Amino acid sequence: MAEHADHAGHAESAGRTDHADHPAYPVGLRLHGRRTVVIGGGQVAQRRLPQLIATGAVITLISPSATASVEAMADAGEIRWERRRYQDGDLADTWYALVASSDTAANDAASAEAERTRTWCVRADDAEAATAWTPATGRIDNITVAVLNTTPQGRDPRHSAALRDAIVEGLRDGTIAAPHHRNHTPGVALVGGGPGDPDLITVRGRRLLAEADVVIADRLGPRDLLDELPPHVEVIDAAKIPYGRFMAQEAINQALIDHAKAGKAVVRLKGGDPFVFGRGMEEAQALAAEGIPCTVVPGISSTISVPGAAGIPVTHRGVAHEFTVVSGHVAPEDPRSLVDWEAIARLRGTLVLLMAVDKIGAIAAALIAHGKDPATPVALVQEGTTAAQRRVDATLADVGERAAAEDVRPPAVIVIGEVVGVGPDSAPRPADPSAE
């Protein structure tokens, strides 16, 4: 035992005197349920704490003050905050310490305690005084990418972060892949492709596209992304053209089932969000009935993104406290309509209509008949977020005629309400004390 202790002491001493000549050893710490101490509640702690919280570590913050975000973590019970300066003994029974205060003397003292207690310690202010370094990390599914320059000479965190970003983005968009070893899981992903601009699909949706064997795509999905797919990917057109030819929903469901049962990774690429007038749940139910795994990837809905791209905030302080989304594919007088247009007309906020271009005249008439001001502003935004985007402004009184005169065609999002007149150049409104 004495011989072992002597050997360990020699190695420890050699590590301290010659550390500049040896690279760091990369390792993943499993901190779940283990005491972790963070000293300092400033910007460094604000950046590092969320990742530490995600590990399940038992975290104690020692700092007389903290940023608002860090304080919110303490208020939520995610960390324990001792509102005081560091004291010797604070690192007792600690597995990992992050020293990030603005008090250099306290940082030095904490580092010395960490050395005595053999606690791995990161120093935000002095990397050479630390016993551990934090890599630049990124995540994709259950994989963590960590980039660390393991030699003290020439350490540049910006270079590590740039490498991290390039690797993670490559994994997400499929430009970096290991085709012989990739996680090829048969099943279906219902992917919301966003409002049309290919850059507005989520990173998860784009990655699943890159891994797909079969893509069943809607007309309103981001079509430009299909050109990026590898040649072996089968693309099935499930376009539903209004009042024209279309692929029946039952046929779409069956195609999803058949390809998934054949062991294929299938992406159902839909416009907007799968569950916002997108029949996504019908497809999920059909898959569940056949025991086929289904992943839902939410998308950016055109209900908010298209008005935003046209310069219209669906809510604005002092103007609207709510916005309501309504499908206009069934006219107000149609017995199949599920919309209470009388109640909708009484709302004071913003009304967003989808699939309503050919019914807008009838809808406007119904709103006016139920008491809506005929002078209420209306905007029709066609092909929102794409290069073909255009906006036509009107009022409830004349929107039907304006839509016909300007030949507005689907897809178009229609916004009704005072927010239509709000834009970057409009005069600021008085502050609304009831809004944040």
# chains A, B, ... in the order shown; residues from 1 in each chain; ligands from 1

$ residues_around --residues "Ala166 (chain A)" --least-positions-apart "2" --cutoff "12 Å" --atoms "only C-alpha atoms" --output "ChimeraX atom specification"
/A:136-138,145-147,159-164,168-176

$ atom_distance --atom1 "CA of Ala255 (chain A)" --atom2 "CA of Gln285 (chain A)"
14.1 Å

$ residues_around --residues "Ser102 (chain A)" --least-positions-apart "4" --cutoff "10 Å" --atoms "only C-alpha atoms" --output "JSON, numbers by chain"
{"A": [39, 40, 41, 42, 106, 107, 124, 125]}

$ residues_around --residues "Ile344 (chain A)" --least-positions-apart "3" --cutoff "12 Å" --atoms "only C-alpha atoms" --output "list in words"
Glu322, Phe323, Thr324, Val325, Val326, Pro332, Leu338, Val339, Asp340, Trp341, Leu347, Arg348, Gly349, Thr350, Leu351, Val352, Leu353, Ile363, Ala364, Ala366, Leu367, Ile368, Ala369, His370, Gly371, Lys372, Ile416 and Gly417 of chain A

$ atom_distance --atom1 "CA of Thr202 (chain A)" --atom2 "CA of Arg223 (chain A)"
14.6 Å

$ closest_residue --among "A:Ala24, A:Leu226, A:Ala362, A:Ile62" --to "Leu148 (chain A)" --atoms "only C-alpha atoms"
A:Ala24

$ residues_around --residues "Ala92 (chain A)" --least-positions-apart "4" --cutoff "12 Å" --atoms "only C-alpha atoms" --output "ChimeraX atom specification"
/A:35-37,60,87-88,96-97,110,113-119

$ select_by_dssp --residues "region 52-175 of chain A" --states "helix (DSSP H, G or I)" --output "number ranges by chain"
A: 52-55, 68-75, 104-117, 127-129, 157-173

$ closest_residue --among "A:Pro157, A:Pro64, A:Gly328, A:Gly280" --to "Thr295 (chain A)" --atoms "only C-alpha atoms"
A:Gly280

$ closest_residue --among "A:Asp227, A:Asp108, A:Glu282, A:Glu290" --to "Ile257 (chain A)" --atoms "only C-alpha atoms"
A:Glu290

$ select_by_dssp --residues "region 196-400 of chain A" --states "strand (DSSP E or B)" --output "ChimeraX atom specification"
/A:214-217,234-237,240,246,265-270,272,294-297,316,320,323-327,350-354,377-382,390-395

$ closest_residue --among "A:Val297, A:Asp126, A:Gly193, A:Val413" --to "Leu98 (chain A)" --atoms "only C-alpha atoms"
A:Asp126

$ residues_around --residues "His232 (chain A)" --least-positions-apart "5" --cutoff "10 Å" --atoms "only C-alpha atoms" --output "list in words"
Ala212, Asp213 and Val214 of chain A

$ write_last_selection --atoms "all heavy atoms" --output "CSV table (one decimal), in the first residue's frame"
chain,number,residue,atom,x,y,z
A,212,ALA,N,-33.9,9.7,-45.0
A,212,ALA,CA,-35.1,9.0,-45.5
A,212,ALA,C,-34.8,8.1,-46.7
A,212,ALA,O,-33.9,8.4,-47.5
A,212,ALA,CB,-36.2,10.0,-45.9
A,213,ASP,N,-35.5,7.0,-46.8
A,213,ASP,CA,-35.6,6.2,-48.0
A,213,ASP,C,-36.7,6.6,-48.9
A,213,ASP,O,-36.6,6.5,-50.2
A,213,ASP,CB,-35.7,4.7,-47.7
A,213,ASP,CG,-34.6,4.2,-46.8
A,213,ASP,OD1,-33.4,4.4,-47.1
A,213,ASP,OD2,-34.9,3.6,-45.7
A,214,VAL,N,-37.8,7.0,-48.3
A,214,VAL,CA,-39.0,7.4,-49.1
A,214,VAL,C,-39.5,8.7,-48.5
A,214,VAL,O,-39.6,8.9,-47.3
A,214,VAL,CB,-40.1,6.4,-49.0
A,214,VAL,CG1,-41.4,6.8,-49.7
A,214,VAL,CG2,-39.6,5.0,-49.5

$ atom_distance --atom1 "CA of Leu256 (chain A)" --atom2 "CA of Arg219 (chain A)"
16.8 Å

$ closest_atom_pairs --of "region 184-216 of chain A" --to "region 377-393 of chain A" --cutoff "8 Å" --atoms "only C-alpha atoms" --output "Markdown table"
| residue | atom | partner | partner_atom | distance |
| --- | --- | --- | --- | --- |
| A:Pro195 | CA | A:Thr385 | CA | 6.6 |
| A:Gly196 | CA | A:Thr386 | CA | 6.0 |
| A:Asp197 | CA | A:Thr386 | CA | 5.4 |

$ closest_residue --among "A:Leu91, A:Ile236, A:Val267, A:Val44" --to "Arg206 (chain A)" --atoms "only C-alpha atoms"
A:Val267
